[in-house]
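Novice: run_30.cif is the file, holding mmCIF, C-alpha atoms and all ligand atoms:
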```cif
data_query
loop_
_atom_site.label_atom_id
_atom_site.label_comp_id
_atom_site.auth_asym_id
_atom_site.auth_seq_id
_atom_site.Cartn_x
_atom_site.Cartn_y
_atom_site.Cartn_z
CA MET O 24 1.14 30.24 3.17
CA ASN O 25 -0.85 28.60 5.96
CA PRO O 26 -1.14 24.78 5.98
CA SER O 27 -4.75 24.69 4.75
CA GLY O 28 -3.78 27.06 1.93
CA LEU O 29 -1.04 24.65 0.92
CA VAL O 30 -3.43 21.67 1.00
CA GLN O 31 -5.89 23.60 -1.21
CA LEU O 32 -3.14 24.57 -3.66
CA ALA O 33 -1.84 20.98 -3.75
CA THR O 34 -5.39 19.75 -4.37
CA ASP O 35 -5.77 22.15 -7.32
CA VAL O 36 -2.35 21.07 -8.66
CA GLU O 37 -3.32 17.41 -8.29
CA ARG O 38 -6.54 18.03 -10.27
CA TYR O 39 -4.54 19.73 -13.04
CA PHE O 40 -2.12 16.80 -13.34
CA ASN O 41 -4.87 14.19 -13.06
CA GLU O 42 -6.83 15.84 -15.89
CA ALA O 43 -3.68 15.97 -18.02
CA LEU O 44 -2.23 12.53 -17.23
CA VAL O 45 -4.81 10.11 -15.82
CA PRO O 46 -7.50 8.83 -18.21
CA HIS O 47 -11.03 9.06 -16.84
CA ASP O 48 -12.09 5.62 -15.61
CA PRO O 49 -15.86 5.10 -15.37
CA VAL O 50 -15.36 1.68 -13.74
CA LEU O 51 -13.39 3.23 -10.87
CA GLN O 52 -15.89 6.06 -10.59
CA HIS O 53 -18.70 3.53 -10.34
CA ALA O 54 -16.82 1.53 -7.69
CA PHE O 55 -16.31 4.67 -5.60
CA ALA O 56 -20.00 5.61 -5.95
CA ALA O 57 -21.06 2.09 -4.93
CA GLY O 58 -18.91 2.38 -1.79
CA GLU O 59 -20.49 5.70 -0.93
CA ALA O 60 -24.01 4.39 -1.59
CA ALA O 61 -23.33 1.45 0.75
CA GLY O 62 -22.16 3.86 3.48
CA LEU O 63 -18.50 2.78 3.49
CA PRO O 64 -15.98 5.34 4.85
CA MET O 65 -14.77 6.34 1.38
CA ARG O 66 -12.68 9.20 2.82
CA TYR O 67 -10.11 6.44 3.48
CA THR O 68 -9.88 5.52 -0.21
CA VAL O 69 -6.67 6.43 -2.05
CA SER O 70 -6.85 9.67 -4.05
CA VAL O 71 -6.69 9.50 -7.84
CA ALA O 72 -2.98 10.45 -7.83
CA GLN O 73 -2.20 7.89 -5.11
CA GLY O 74 -4.12 5.19 -7.00
CA ARG O 75 -2.32 6.09 -10.20
CA LEU O 76 1.01 5.84 -8.33
CA LEU O 77 0.06 2.28 -7.29
CA GLU O 78 -0.75 1.44 -10.92
CA VAL O 79 2.58 2.88 -12.10
CA LEU O 80 4.49 0.97 -9.40
CA VAL O 81 2.84 -2.30 -10.52
CA ARG O 82 3.92 -1.49 -14.09
CA ILE O 83 7.51 -0.53 -13.12
CA GLN O 84 7.72 -3.74 -11.11
CA ARG O 85 6.12 -5.77 -13.93
CA ALA O 86 4.23 -7.35 -11.02
CA GLU O 87 2.27 -10.51 -11.75
CA ARG O 88 1.24 -11.24 -8.18
CA VAL O 89 0.00 -8.48 -5.92
CA LEU O 90 -1.12 -8.67 -2.28
CA GLU O 91 -3.31 -5.98 -0.74
CA ILE O 92 -4.12 -5.75 2.96
CA GLY O 93 -7.27 -3.66 3.48
CA THR O 94 -9.76 -3.70 0.59
CA LEU O 95 -12.58 -1.30 1.62
CA ALA O 96 -14.67 -0.90 -1.59
CA GLY O 97 -11.84 -2.16 -3.77
CA CYS O 98 -10.88 1.12 -5.45
CA SER O 99 -7.16 0.75 -4.69
CA THR O 100 -7.44 -2.89 -5.81
CA LEU O 101 -8.80 -1.70 -9.16
CA TRP O 102 -5.92 0.79 -9.51
CA LEU O 103 -3.44 -2.04 -8.80
CA ALA O 104 -5.27 -4.24 -11.34
CA ARG O 105 -4.93 -1.50 -14.01
CA GLY O 106 -1.16 -1.99 -13.86
CA LEU O 107 -1.19 -5.79 -14.19
CA GLY O 108 -0.21 -7.53 -17.38
CA GLU O 109 -1.94 -10.54 -18.92
CA GLY O 110 -2.35 -13.33 -16.37
CA GLY O 111 -1.63 -11.09 -13.36
CA ARG O 112 -3.44 -11.81 -10.10
CA ILE O 113 -4.31 -9.89 -6.92
CA VAL O 114 -5.16 -11.26 -3.49
CA THR O 115 -6.88 -8.65 -1.31
CA LEU O 116 -7.69 -9.08 2.39
CA GLU O 117 -10.65 -7.44 4.12
CA THR O 118 -11.77 -7.81 7.74
CA ARG O 119 -15.39 -6.77 7.27
CA PRO O 120 -17.81 -9.00 5.31
CA ASP O 121 -20.04 -6.00 4.48
CA TYR O 122 -17.11 -4.09 2.91
CA ALA O 123 -15.98 -7.25 1.11
CA ALA O 124 -19.46 -7.69 -0.42
CA VAL O 125 -19.30 -4.19 -1.94
CA ALA O 126 -15.76 -4.82 -3.21
CA ARG O 127 -16.68 -8.20 -4.69
CA SER O 128 -19.55 -6.63 -6.61
CA ASN O 129 -17.20 -3.85 -7.82
CA PHE O 130 -14.68 -6.44 -9.07
CA ALA O 131 -17.45 -8.35 -10.90
CA GLN O 132 -18.73 -5.11 -12.51
CA ALA O 133 -15.15 -4.37 -13.62
CA GLY O 134 -14.91 -7.83 -15.23
CA LEU O 135 -12.09 -8.70 -12.81
CA ALA O 136 -13.75 -11.39 -10.69
CA ASP O 137 -11.18 -13.93 -11.94
CA THR O 138 -8.21 -11.58 -11.50
CA ILE O 139 -8.91 -10.47 -7.93
CA GLU O 140 -9.36 -12.93 -5.07
CA ILE O 141 -10.83 -11.42 -1.91
CA ARG O 142 -10.41 -13.12 1.45
CA VAL O 143 -12.51 -12.09 4.41
CA GLY O 144 -11.33 -12.14 8.02
CA ALA O 145 -8.82 -10.55 10.36
CA ALA O 146 -5.76 -9.92 8.21
CA VAL O 147 -3.34 -11.61 10.61
CA SER O 148 -5.41 -14.82 10.18
CA THR O 149 -5.84 -14.58 6.42
CA LEU O 150 -2.11 -13.81 6.04
CA LEU O 151 -1.15 -16.85 8.13
CA GLN O 152 -3.55 -18.92 6.04
CA LEU O 153 -1.87 -17.68 2.82
CA ILE O 154 1.58 -18.44 4.27
CA ARG O 155 0.51 -22.02 5.04
CA GLU O 156 -0.71 -22.62 1.46
CA ASP O 157 2.10 -24.46 -0.27
CA GLY O 158 3.17 -23.83 -3.83
CA ARG O 159 2.16 -20.18 -4.04
CA PRO O 160 4.78 -18.08 -5.79
CA PRO O 161 5.94 -14.99 -3.84
CA PHE O 162 4.22 -11.64 -4.27
CA ASP O 163 5.93 -9.01 -6.43
CA LEU O 164 4.22 -6.05 -4.76
CA VAL O 165 2.37 -5.67 -1.45
CA PHE O 166 0.11 -2.72 -0.57
CA ILE O 167 -0.71 -2.33 3.13
CA ASP O 168 -3.66 -0.03 3.89
CA ALA O 169 -5.59 -1.60 6.78
CA ASP O 170 -5.72 -0.85 10.52
CA LYS O 171 -2.50 0.94 11.33
CA CYS O 172 -1.90 -0.80 14.71
CA HIS O 173 -0.81 -4.00 13.01
CA ASN O 174 1.42 -2.41 10.34
CA ALA O 175 4.65 -3.97 11.67
CA THR O 176 3.05 -7.44 11.87
CA TYR O 177 1.66 -7.09 8.35
CA VAL O 178 5.11 -6.25 6.98
CA ASP O 179 6.63 -9.16 8.89
CA LEU O 180 4.06 -11.60 7.47
CA ALA O 181 4.28 -10.08 3.98
CA LEU O 182 8.05 -10.62 4.05
CA ARG O 183 7.43 -14.35 4.42
CA MET O 184 5.64 -14.25 1.04
CA SER O 185 8.15 -11.95 -0.66
CA ARG O 186 11.26 -12.44 -2.80
CA PRO O 187 14.33 -10.29 -3.32
CA GLY O 188 12.99 -7.35 -5.32
CA THR O 189 9.47 -7.38 -3.88
CA ILE O 190 8.12 -3.86 -3.27
CA ILE O 191 6.15 -3.16 -0.09
CA VAL O 192 4.03 0.00 0.06
CA VAL O 193 2.37 1.19 3.29
CA ASP O 194 -0.26 3.95 3.26
CA ASN O 195 -0.83 6.72 5.83
CA VAL O 196 2.55 6.89 7.54
CA VAL O 197 2.65 10.70 7.97
CA ARG O 198 -0.81 11.46 9.38
CA ALA O 199 -0.49 15.26 9.09
CA GLY O 200 2.82 15.08 10.93
CA ALA O 201 1.39 13.29 13.99
CA VAL O 202 4.05 10.61 13.39
CA LEU O 203 6.63 12.99 14.91
CA ASP O 204 5.02 12.74 18.37
CA SER O 205 6.45 9.72 20.23
CA GLU O 206 3.86 10.19 23.00
CA HIS O 207 0.88 10.49 20.65
CA PRO O 208 -2.23 8.82 22.18
CA ASP O 209 -3.62 7.65 18.80
CA PRO O 210 -2.85 3.90 18.39
CA SER O 211 -2.65 4.44 14.62
CA VAL O 212 0.27 6.83 15.14
CA GLN O 213 1.95 4.36 17.46
CA GLY O 214 1.35 1.65 14.82
CA VAL O 215 3.18 3.74 12.24
CA ARG O 216 6.07 4.45 14.64
CA ALA O 217 6.37 0.71 15.43
CA LEU O 218 6.43 0.04 11.67
CA VAL O 219 9.20 2.58 11.13
CA ALA O 220 11.24 1.04 13.98
CA ALA O 221 10.76 -2.45 12.52
CA VAL O 222 11.79 -1.34 9.02
CA HIS O 223 14.82 0.44 10.51
CA ASP O 224 15.87 -2.77 12.28
CA ASP O 225 15.38 -5.02 9.23
CA PRO O 226 18.51 -5.22 7.05
CA ARG O 227 16.45 -6.76 4.22
CA LEU O 228 14.48 -3.56 3.63
CA HIS O 229 15.57 -0.39 1.82
CA ALA O 230 12.87 2.16 2.50
CA VAL O 231 11.85 5.77 2.00
CA VAL O 232 8.73 7.78 2.78
CA VAL O 233 7.16 9.87 0.03
CA GLN O 234 4.94 12.54 1.57
CA THR O 235 1.67 13.35 -0.18
CA VAL O 236 -0.31 16.58 0.06
CA GLY O 237 -3.65 16.94 -1.69
CA PRO O 238 -7.31 16.00 -1.35
CA LYS O 239 -6.52 13.66 1.57
CA GLY O 240 -4.55 16.32 3.44
CA HIS O 241 -0.93 15.72 4.44
CA ASP O 242 0.06 12.05 4.54
CA GLY O 243 2.48 9.68 2.86
CA PHE O 244 3.49 6.27 1.53
CA LEU O 245 6.35 4.21 2.89
CA LEU O 246 8.04 2.47 -0.07
CA ALA O 247 10.36 -0.45 0.70
CA ARG O 248 12.26 -2.93 -1.44
CA VAL O 249 13.21 -6.39 -0.20
CA SER O 250 16.90 -7.19 -0.74
CA SER O 251 18.53 -10.50 -1.50
CA THR O 252 20.82 -11.94 1.19
CA ALA O 253 23.76 -11.08 -1.06
CA GLU O 254 22.60 -7.48 -1.43
CA THR O 255 22.07 -7.21 2.31
CA ALA O 256 25.57 -8.58 2.98
CA ARG O 257 27.09 -6.14 0.43
CA HIS O 258 25.21 -3.24 2.00
CA GLU O 259 26.42 -4.21 5.46
CA THR O 260 30.01 -4.61 4.20
CA ASN O 261 29.84 -1.14 2.63
CA GLN O 262 28.64 0.31 5.91
CA THR O 263 31.50 -1.40 7.79
CA ASP O 264 33.96 -0.13 5.16
CA GLU O 265 32.63 3.38 5.67
CA LEU O 266 33.13 3.03 9.44
CA GLU O 267 36.72 1.87 8.85
CA HIS O 268 37.40 4.91 6.71
CA GLU O 269 35.98 7.39 9.19
C1 LIG O 301 -7.25 6.55 7.75
C2 LIG O 301 -7.03 5.34 7.13
C3 LIG O 301 -6.65 5.31 5.82
O1 LIG O 301 -6.35 4.14 5.19
C4 LIG O 301 -6.48 6.47 5.11
O2 LIG O 301 -6.03 6.38 3.84
C5 LIG O 301 -6.70 7.70 5.72
C6 LIG O 301 -7.09 7.73 7.04
C7 LIG O 301 -7.64 6.57 9.17
O3 LIG O 301 -7.84 5.50 9.73
O4 LIG O 301 -7.74 7.65 9.73
MG MG O 302 -5.09 4.52 3.49
#
```
Represent the structure of the file as structure tokens.
Specialist:
Amino acid sequence: MNPSGLVQLATDVERYFNEALVPHDPVLQHAFAAGEAAGLPMRYTVSVAQGRLLEVLVRIQRAERVLEIGTLAGCSTLWLARGLGEGGRIVTLETRPDYAAVARSNFAQAGLADTIEIRVGAAVSTLLQLIREDGRPPFDLVFIDADKCHNATYVDLALRMSRPGTIIVVDNVVRAGAVLDSEHPDPSVQGVRALVAAVHDDPRLHAVVVQTVGPKGHDGFLLARVSSTAETARHETNQTDELEHE
């Protein structure tokens, strides 16, 4: 089967599973339509299956505090919010005031204005601002889906607001396989490769990439869990033990 045939088949399969497993959500549908009406690049929004995966991860994690980097119209934020329990909170960061205005209106329409805090500005600045705010408990789950050039920096800053057990999810790490090309001219590809190198070098992170094929083509999520110092030490000891037994 040629690659576009596989993407079409995967899209049909995704629709089948979505119809069977994911309840129709008029609030999300309205948020997506509002983004389109305002001329936002909604092709960058997570697919229904990807959004549902975020919701399920929030539930598995029993996350009470979620950080999102890259809001767009707020559709992924609403998926994350669907997984939150009573009293859960989301902070979402958006560079563009015009995108943030659409998202804010979508959160209000969803009745989630008090659950979701949106901060506008370059994410490196808003992240540093969050880090400087004393007394904030760490985030339980972080979803990174902004400009890809800064991915490694975003993970580094997110780690400063994480705890052992925090889950970090990064969107768009496969890019139709472009990630394989170390000489690729696209800065987004180089941003992903720098992220992968940084995660490889960080003993606190246990990571895997789950590839996705469907309505957004061939892409993938990097999923990483932050270890405790003790877990990291144990992991390193095991690796040394393995070396000794080779
Ligand atoms: C791009 C960005 C995204 O966040 C996404 O999900 C798909 C594509 C992009 O910049 O090309
Ligand atoms: Mg994305």
Novice: Could I get the residue neighbourhood of ligand LIG 301 (chain O) at 7 Å, counting only C-alpha atoms and all ligand atoms, as a VMD selection string?
Specialist: chain O and resid 66 to 69 168 to 170 194 to 195
Novice: Could you work out how far CA of Ala230 (chain O) lies from CA of Leu76 (chain O), giving the answer in Å with one decimal?
Specialist: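 Between these atoms lies a distance of 16.5 Å.
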Novice: I need the residue nearest His241 (chain O) from this list: O:Gly62, O:Gly97, O:Gly28, O:Pro161. Use only C-alpha atoms for the distance.
Specialist: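 Closest to His241 (chain O), using only C-alpha atoms: O:Gly28.
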Novice: Which residue out of O:Pro226, O:Gly188, O:Gly240, O:Pro210 has the minimum interatomic distance to Gln84 (chain O) when only C-alpha atoms are used?
Specialist: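 Nearest candidate to Gln84 (chain O) out of O:Pro226, O:Gly188, O:Gly240, O:Pro210: O:Gly188.
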Novice: So which one's closest to Asn41 (chain O), O:Gly237, O:Gly93, O:Gly243, O:Pro64? Using all atoms listed in the file, please.
Specialist: O:Gly237
Novice: Grab the CA of Ala133 (chain O) to CA of Val50 (chain O) distance for me, in Å with one decimal place.
Specialist: 6.1 Å
Novice: Hey, which of O:Thr255, O:Gln213, O:Thr94, O:Asn25 ends up closest to Ala123 (chain O)? Count all atoms listed in the file.
Specialist: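 Smallest separation from Ala123 (chain O) among the options: O:Thr94.
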Novice: Compute the distance from (-18.7, -6.0, -4.2) to each atom, counting only C-alpha atoms, keep the residues with any atom at most 12 Å away, and return them as a VMD selection string; use the coordinates of the file.
Specialist: chain O and resid 53 to 58 60 to 61 63 94 to 98 100 to 101 117 119 to 136 139 to 141
Novice: Report the distance between CA of Val89 (chain O) and atom MG of ligand MG 302 (chain O) in Å, rounded to one decimal place.
Specialist: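 Pair CA of Val89 (chain O) / atom MG of ligand MG 302 (chain O) returns 16.8 Å.
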Novice: Using only C-alpha atoms, which protein or nucleic acid residues come within 9 Å of Leu80 (chain O)? Drop anything in the same chain fewer than 5 positions from it, and give the result as a VMD selection string.
Specialist: chain O and resid 75 85 to 86 103 106 164 190
Novice: Near Ala33 (chain O), within 12 Å and counting all atoms listed in the file, which residues show up once chain neighbours fewer than 6 positions away are dropped, as a list in words?
Specialist: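 Here the answer would be Met24, Pro26, Ser27, Tyr39, Phe40, Asn41, Ala72, Thr235, Val236, Gly237, Pro238, Lys239, Gly240 and His241 of chain O.
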Novice: Up to 10 Å from (11.7, 5.4, 2.9) in the file's coordinates: name the residues, counting only C-alpha atoms, as a PyMOL selection string.
Specialist: chain O and resi 192+219+222-223+228-234+244-248
Novice: For ligand MG 302 (chain O), which residue among O:Leu51, O:Leu77, O:Cys172, O:Val196 is the nearest when counting all atoms listed in the file?
Specialist: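 For ligand MG 302 (chain O), the nearest of the candidates is O:Val196.
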Novice: From the options O:Ser251, O:Gln31, O:Gln152, O:Ser211, which residue's atoms come nearest to ligand MG 302 (chain O), counting only C-alpha atoms and all ligand atoms?
Specialist: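 That would be O:Ser211, the residue with the smallest distance to ligand MG 302 (chain O).
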Novice: I'd like the contact shell of region 154-158 of chain O - 12 Å cut-off, all atoms listed in the file, skipping same-chain residues fewer than 2 positions apart - returned as an MDAnalysis selection string.
Specialist: chainID O and resid 146:152 160:162 179:185
Novice: Based on the selection just made, write C-alpha atoms of those residues as a PDB file, keeping the file's coordinate frame.
Specialist:
```
ATOM      1  CA  ALA O 146      -5.760  -9.920   8.210  1.00  0.00           C
ATOM      2  CA  VAL O 147      -3.340 -11.610  10.610  1.00  0.00           C
ATOM      3  CA  SER O 148      -5.410 -14.820  10.180  1.00  0.00           C
ATOM      4  CA  THR O 149      -5.840 -14.580   6.420  1.00  0.00           C
ATOM      5  CA  LEU O 150      -2.110 -13.810   6.040  1.00  0.00           C
ATOM      6  CA  LEU O 151      -1.150 -16.850   8.130  1.00  0.00           C
ATOM      7  CA  GLN O 152      -3.550 -18.920   6.040  1.00  0.00           C
ATOM      8  CA  PRO O 160       4.780 -18.080  -5.790  1.00  0.00           C
ATOM      9  CA  PRO O 161       5.940 -14.990  -3.840  1.00  0.00           C
ATOM     10  CA  PHE O 162       4.220 -11.640  -4.270  1.00  0.00           C
ATOM     11  CA  ASP O 179       6.630  -9.160   8.890  1.00  0.00           C
ATOM     12  CA  LEU O 180       4.060 -11.600   7.470  1.00  0.00           C
ATOM     13  CA  ALA O 181       4.280 -10.080   3.980  1.00  0.00           C
ATOM     14  CA  LEU O 182       8.050 -10.620   4.050  1.00  0.00           C
ATOM     15  CA  ARG O 183       7.430 -14.350   4.420  1.00  0.00           C
ATOM     16  CA  MET O 184       5.640 -14.250   1.040  1.00  0.00           C
ATOM     17  CA  SER O 185       8.150 -11.950  -0.660  1.00  0.00           C
TER      18      SER O 185
END
```
Novice: Starting from the structure just given, write a file holding region 51-82 of chain O with N, CA and C atoms, as a short mmCIF file (atom, residue, chain, number, x, y, z; two decimals), in the first residue's frame.
Specialist:
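Result went into decode.cif, see below:
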```
data_model
loop_
_atom_site.label_atom_id
_atom_site.label_comp_id
_atom_site.auth_asym_id
_atom_site.auth_seq_id
_atom_site.Cartn_x
_atom_site.Cartn_y
_atom_site.Cartn_z
N LEU O 51 -16.58 21.23 22.13
CA LEU O 51 -15.32 21.16 21.36
C LEU O 51 -15.56 21.49 19.89
N GLN O 52 -16.67 21.01 19.36
CA GLN O 52 -16.99 21.29 17.96
C GLN O 52 -17.16 22.80 17.75
N HIS O 53 -17.81 23.44 18.71
CA HIS O 53 -18.00 24.88 18.62
C HIS O 53 -16.66 25.62 18.71
N ALA O 54 -15.78 25.15 19.60
CA ALA O 54 -14.47 25.79 19.76
C ALA O 54 -13.66 25.70 18.47
N PHE O 55 -13.72 24.53 17.83
CA PHE O 55 -13.01 24.33 16.56
C PHE O 55 -13.57 25.27 15.50
N ALA O 56 -14.91 25.35 15.42
CA ALA O 56 -15.56 26.21 14.42
C ALA O 56 -15.21 27.67 14.67
N ALA O 57 -15.14 28.07 15.93
CA ALA O 57 -14.79 29.47 16.25
C ALA O 57 -13.36 29.77 15.81
N GLY O 58 -12.46 28.81 15.96
CA GLY O 58 -11.09 28.99 15.50
C GLY O 58 -11.03 29.15 13.99
N GLU O 59 -11.80 28.31 13.31
CA GLU O 59 -11.83 28.41 11.84
C GLU O 59 -12.42 29.74 11.39
N ALA O 60 -13.51 30.15 12.04
CA ALA O 60 -14.18 31.40 11.67
C ALA O 60 -13.25 32.59 11.87
N ALA O 61 -12.38 32.50 12.88
CA ALA O 61 -11.45 33.61 13.17
C ALA O 61 -10.18 33.51 12.31
N GLY O 62 -10.11 32.49 11.45
CA GLY O 62 -8.97 32.37 10.54
C GLY O 62 -7.72 31.80 11.17
N LEU O 63 -7.85 31.11 12.31
CA LEU O 63 -6.68 30.47 12.93
C LEU O 63 -6.27 29.23 12.13
N PRO O 64 -4.98 28.85 12.14
CA PRO O 64 -4.54 27.68 11.37
C PRO O 64 -4.95 26.38 12.08
N MET O 65 -6.24 26.03 11.93
CA MET O 65 -6.79 24.91 12.70
C MET O 65 -6.27 23.55 12.23
N ARG O 66 -5.52 23.53 11.11
CA ARG O 66 -4.88 22.26 10.70
C ARG O 66 -3.85 21.81 11.73
N TYR O 67 -3.41 22.74 12.59
CA TYR O 67 -2.43 22.39 13.63
C TYR O 67 -3.09 21.82 14.90
N THR O 68 -4.43 21.89 14.96
CA THR O 68 -5.12 21.38 16.15
C THR O 68 -4.97 19.86 16.26
N VAL O 69 -4.93 19.34 17.47
CA VAL O 69 -4.89 17.88 17.65
C VAL O 69 -6.12 17.25 17.02
N SER O 70 -5.96 16.03 16.49
CA SER O 70 -7.11 15.29 15.97
C SER O 70 -7.96 14.83 17.15
N VAL O 71 -9.15 14.31 16.84
CA VAL O 71 -10.03 13.83 17.91
C VAL O 71 -9.33 12.72 18.72
N ALA O 72 -8.70 11.77 18.02
CA ALA O 72 -8.04 10.66 18.74
C ALA O 72 -6.87 11.18 19.59
N GLN O 73 -6.12 12.15 19.05
CA GLN O 73 -5.00 12.72 19.82
C GLN O 73 -5.52 13.48 21.04
N GLY O 74 -6.59 14.24 20.86
CA GLY O 74 -7.19 14.97 21.98
C GLY O 74 -7.70 14.01 23.05
N ARG O 75 -8.35 12.94 22.58
CA ARG O 75 -8.86 11.94 23.52
C ARG O 75 -7.71 11.29 24.29
N LEU O 76 -6.58 11.05 23.59
CA LEU O 76 -5.41 10.48 24.27
C LEU O 76 -4.94 11.44 25.38
N LEU O 77 -4.94 12.74 25.11
CA LEU O 77 -4.55 13.70 26.16
C LEU O 77 -5.50 13.59 27.35
N GLU O 78 -6.80 13.51 27.05
CA GLU O 78 -7.79 13.39 28.14
C GLU O 78 -7.53 12.13 28.96
N VAL O 79 -7.27 11.01 28.27
CA VAL O 79 -7.05 9.74 28.97
C VAL O 79 -5.76 9.81 29.80
N LEU O 80 -4.73 10.45 29.27
CA LEU O 80 -3.48 10.59 30.03
C LEU O 80 -3.71 11.41 31.30
N VAL O 81 -4.49 12.49 31.20
CA VAL O 81 -4.80 13.29 32.39
C VAL O 81 -5.52 12.43 33.43
N ARG O 82 -6.44 11.57 32.94
CA ARG O 82 -7.18 10.69 33.87
C ARG O 82 -6.25 9.64 34.49
#
```
